[in-house]
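First comes the structure, then the notes that go with it.
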Amino acid sequence: MTFYAEMAAVADDLIAEFGQLGAIRRTGTPTGPEYDPTPGATTDYPARFAVLDYEASEIDGTRVLATDKKALLAVGSLTITVALDDKLVEADGTVYKIIPPLKPLSPAGTVVMYEIQCRR
């Protein structure tokens with residue numbers, strides 16, 4: 001096990017201990033004619049994450065709003081690769097959309113965790 005793989009395991013353990021079990025919600029590709037498409041099915045993939053408020057110094061009112069949240073997402077809990085079209089669903093059912101850019105913490109090419117900016 002490499003150093004960064006060990007750090008990913010530590011991040012997973014801390015998020016499992018102090019975070020929550022929620023989901024990454026993905027909507028499938030729409031079907032049907034382009035002028036009247038049928039929405040694709042949604043699938044929730046289990047994920048562990050910690051949701052935090054942004055510090056006052058990080059809020060600029062444009063890119064980061066006072067109501068935005070920062071989610072630290074454990075890589076070990078994922079069965080998919082997170083995409084910008086996905087949504088983050090908290091344990092209580094609160095749904096957030098993911099705001100670009102999607103930031104994987106990946107030193108030396110090993111994804112340790114994701115830092116995700118979320119907005120309702």
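Letters A, B, ... mark the chains of the structure tokens in the order given; residue numbers begin at 1 per chain; ligand numbers begin at 1, in order shown.
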Worksheet item: Near Glu6 in chain A, counting only C-alpha atoms, which residues have an atom at most 12 Å away, once you skip same-chain residues fewer than 6 positions from it, shown as a ChimeraX atom specification?
Response: /A:12-13,76,110-113
Could you turn the residues from that selection into a file that holds N, CA, C and O atoms, as a compact mmCIF listing (two decimals), in the first residue's frame?
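As a result, result_4.txt now contains:
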# COMPACT_ATOMS: atom_id res chain seq x y z
N ASP A 12 -11.09 8.02 4.69
CA ASP A 12 -12.33 7.23 4.70
C ASP A 12 -12.77 6.93 6.13
O ASP A 12 -13.95 7.05 6.47
N ASP A 13 -11.82 6.54 6.99
CA ASP A 13 -12.14 6.22 8.39
C ASP A 13 -12.68 7.44 9.14
O ASP A 13 -13.67 7.34 9.88
N GLY A 76 -13.51 5.66 -0.64
CA GLY A 76 -13.75 4.24 -0.41
C GLY A 76 -15.21 3.87 -0.35
O GLY A 76 -15.57 2.70 -0.51
N THR A 110 -3.38 9.54 -6.94
CA THR A 110 -4.25 8.72 -6.09
C THR A 110 -5.31 9.61 -5.47
O THR A 110 -4.99 10.52 -4.70
N VAL A 111 -6.58 9.38 -5.80
CA VAL A 111 -7.66 10.20 -5.22
C VAL A 111 -7.84 9.80 -3.76
O VAL A 111 -8.15 8.66 -3.45
N VAL A 112 -7.62 10.77 -2.86
CA VAL A 112 -7.72 10.55 -1.42
C VAL A 112 -9.14 10.84 -0.96
O VAL A 112 -9.70 10.11 -0.15
N MET A 113 -9.74 11.90 -1.47
CA MET A 113 -11.12 12.27 -1.17
C MET A 113 -11.54 13.35 -2.15
O MET A 113 -10.71 13.89 -2.87
Item to complete: Could you give me, as an NGL selection string, each residue of chain A that DSSP assigns to strand (DSSP E or B) when run on this structure's backbone?
Response: :A and (20-27 or 31 or 38 or 42-53 or 69-74 or 87-89 or 95-105 or 113-119)
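Here CA of Thr27 in chain A is placed at a distance of 11.1 Å from CA of Tyr45 in chain A.
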Fill in: Polymer residues at most 6 Å from Ala50 in chain A, only C-alpha atoms, same-chain spacing of 2 or more positions, as a ChimeraX atom specification
/A:19,71-72
Tell me which protein, DNA and RNA residues are within 7 Å of Cys118 in chain A, counting only C-alpha atoms, leaving out same-chain ones fewer than 4 positions away, and put them as a CSV table (one decimal) with N, CA and C atoms, in the first residue's frame.
chain,number,residue,atom,x,y,z
A,68,ASP,N,-24.1,28.0,0.6
A,68,ASP,CA,-23.4,26.9,0.1
A,68,ASP,C,-22.8,26.0,1.2
A,69,LYS,N,-22.6,24.8,0.9
A,69,LYS,CA,-22.0,23.8,1.8
A,69,LYS,C,-20.8,23.2,1.1
A,70,LYS,N,-19.8,22.8,2.0
A,70,LYS,CA,-18.6,22.0,1.5
A,70,LYS,C,-18.8,20.6,2.0
A,96,TYR,N,-28.6,18.5,-2.8
A,96,TYR,CA,-27.8,19.6,-3.2
A,96,TYR,C,-27.3,19.3,-4.6
A,97,LYS,N,-27.1,20.3,-5.4
A,97,LYS,CA,-26.5,20.2,-6.7
A,97,LYS,C,-25.0,20.5,-6.5
A,98,ILE,N,-24.2,19.8,-7.3
A,98,ILE,CA,-22.7,20.0,-7.3
A,98,ILE,C,-22.3,21.2,-8.1
A,99,ILE,N,-21.6,22.1,-7.5
A,99,ILE,CA,-21.1,23.3,-8.2
A,99,ILE,C,-19.7,23.1,-8.7
Worksheet entry | For range 34-44 of chain A: contacts at 10 Å, only C-alpha atoms, fewer than 2 positions along chain excluded, given as a PyMOL selection string | chain A and resi 22-32+46-47+86-89
Take the residues just selected and output them with all heavy atoms as a compact mmCIF listing (two decimals), in the first residue's frame.
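part.txt, written as the output of this step:
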# COMPACT_ATOMS: atom_id res chain seq x y z
N GLY A 22 -25.07 8.98 3.07
CA GLY A 22 -26.05 9.59 2.18
C GLY A 22 -25.94 8.94 0.83
O GLY A 22 -25.70 7.74 0.74
N ALA A 23 -26.06 9.73 -0.22
CA ALA A 23 -26.01 9.16 -1.56
C ALA A 23 -25.56 10.18 -2.59
O ALA A 23 -25.69 11.39 -2.38
CB ALA A 23 -27.39 8.64 -1.96
N ILE A 24 -25.04 9.67 -3.66
CA ILE A 24 -24.82 10.44 -4.87
C ILE A 24 -25.96 10.04 -5.80
O ILE A 24 -26.15 8.85 -6.09
CB ILE A 24 -23.46 10.11 -5.53
CG1 ILE A 24 -22.31 10.46 -4.59
CG2 ILE A 24 -23.33 10.82 -6.87
CD1 ILE A 24 -22.16 11.94 -4.30
N ARG A 25 -26.76 11.01 -6.21
CA ARG A 25 -27.92 10.74 -7.06
C ARG A 25 -27.56 11.05 -8.51
O ARG A 25 -27.11 12.15 -8.83
CB ARG A 25 -29.10 11.59 -6.63
CG ARG A 25 -30.34 11.36 -7.48
CD ARG A 25 -31.56 11.98 -6.84
NE ARG A 25 -31.90 11.21 -5.64
CZ ARG A 25 -32.69 11.65 -4.66
NH1 ARG A 25 -33.22 12.85 -4.73
NH2 ARG A 25 -32.94 10.89 -3.62
N ARG A 26 -27.77 10.06 -9.35
CA ARG A 26 -27.46 10.21 -10.78
C ARG A 26 -28.73 9.98 -11.59
O ARG A 26 -29.45 9.02 -11.37
CB ARG A 26 -26.39 9.20 -11.18
CG ARG A 26 -26.00 9.29 -12.64
CD ARG A 26 -24.72 8.57 -12.92
NE ARG A 26 -23.61 9.32 -12.35
CZ ARG A 26 -22.37 8.85 -12.27
NH1 ARG A 26 -22.09 7.65 -12.70
NH2 ARG A 26 -21.42 9.59 -11.73
N THR A 27 -28.98 10.89 -12.52
CA THR A 27 -30.13 10.76 -13.41
C THR A 27 -29.66 10.18 -14.73
O THR A 27 -28.66 10.64 -15.30
CB THR A 27 -30.78 12.14 -13.66
OG1 THR A 27 -31.16 12.68 -12.39
CG2 THR A 27 -32.00 12.03 -14.54
N GLY A 28 -30.38 9.18 -15.20
CA GLY A 28 -30.04 8.51 -16.45
C GLY A 28 -30.31 9.39 -17.66
O GLY A 28 -30.94 10.45 -17.57
N THR A 29 -29.88 8.93 -18.79
CA THR A 29 -30.06 9.64 -20.05
C THR A 29 -31.53 9.66 -20.45
O THR A 29 -32.19 8.62 -20.40
CB THR A 29 -29.23 8.95 -21.15
OG1 THR A 29 -27.88 8.85 -20.71
CG2 THR A 29 -29.28 9.73 -22.45
N PRO A 30 -32.04 10.82 -20.84
CA PRO A 30 -33.43 10.89 -21.29
C PRO A 30 -33.64 10.03 -22.55
O PRO A 30 -32.74 9.85 -23.34
CB PRO A 30 -33.66 12.36 -21.61
CG PRO A 30 -32.50 13.09 -21.04
CD PRO A 30 -31.39 12.12 -20.87
N THR A 31 -34.85 9.53 -22.70
CA THR A 31 -35.20 8.74 -23.87
C THR A 31 -36.37 9.40 -24.59
O THR A 31 -37.00 10.31 -24.07
CB THR A 31 -35.58 7.30 -23.47
OG1 THR A 31 -36.69 7.36 -22.56
CG2 THR A 31 -34.43 6.58 -22.81
N GLY A 32 -36.68 8.90 -25.76
CA GLY A 32 -37.80 9.44 -26.51
C GLY A 32 -37.36 10.52 -27.46
O GLY A 32 -36.17 10.83 -27.58
N PRO A 46 -24.85 4.76 -2.67
CA PRO A 46 -24.43 5.07 -1.30
C PRO A 46 -23.08 5.79 -1.26
O PRO A 46 -22.18 5.46 -2.05
CB PRO A 46 -24.34 3.71 -0.62
CG PRO A 46 -25.08 2.77 -1.50
CD PRO A 46 -25.03 3.33 -2.88
N ALA A 47 -22.97 6.75 -0.36
CA ALA A 47 -21.73 7.50 -0.20
C ALA A 47 -21.62 8.00 1.23
O ALA A 47 -22.62 8.28 1.87
CB ALA A 47 -21.70 8.68 -1.17
N ASP A 86 -24.24 14.98 -11.16
CA ASP A 86 -24.79 14.25 -10.03
C ASP A 86 -25.28 15.22 -8.96
O ASP A 86 -24.97 16.41 -8.99
CB ASP A 86 -23.72 13.34 -9.41
CG ASP A 86 -23.27 12.23 -10.36
OD1 ASP A 86 -24.04 11.89 -11.28
OD2 ASP A 86 -22.16 11.72 -10.16
N LYS A 87 -26.02 14.68 -8.01
CA LYS A 87 -26.49 15.46 -6.86
C LYS A 87 -26.05 14.75 -5.59
O LYS A 87 -25.88 13.54 -5.58
CB LYS A 87 -28.01 15.62 -6.90
CG LYS A 87 -28.48 16.44 -8.09
CD LYS A 87 -29.92 16.77 -8.00
CE LYS A 87 -30.45 17.66 -9.06
NZ LYS A 87 -29.67 18.11 -10.13
N LEU A 88 -25.88 15.51 -4.52
CA LEU A 88 -25.51 14.97 -3.22
C LEU A 88 -26.77 14.93 -2.37
O LEU A 88 -27.46 15.94 -2.26
CB LEU A 88 -24.45 15.85 -2.57
CG LEU A 88 -23.83 15.33 -1.30
CD1 LEU A 88 -22.77 14.29 -1.63
CD2 LEU A 88 -23.20 16.46 -0.51
N VAL A 89 -27.08 13.78 -1.77
CA VAL A 89 -28.28 13.63 -0.96
C VAL A 89 -27.86 13.30 0.47
O VAL A 89 -27.21 12.27 0.71
CB VAL A 89 -29.19 12.51 -1.51
CG1 VAL A 89 -30.47 12.42 -0.70
CG2 VAL A 89 -29.51 12.74 -2.99
Practice prompt. Would you kindly return, as a ChimeraX atom specification, each protein, DNA or RNA residue with an atom no farther than 9 Å from any atom of range 101-108 of chain A, considering only C-alpha atoms and excluding same-chain residues fewer than 5 positions away?
Written response: /A:4,82-84,113-117
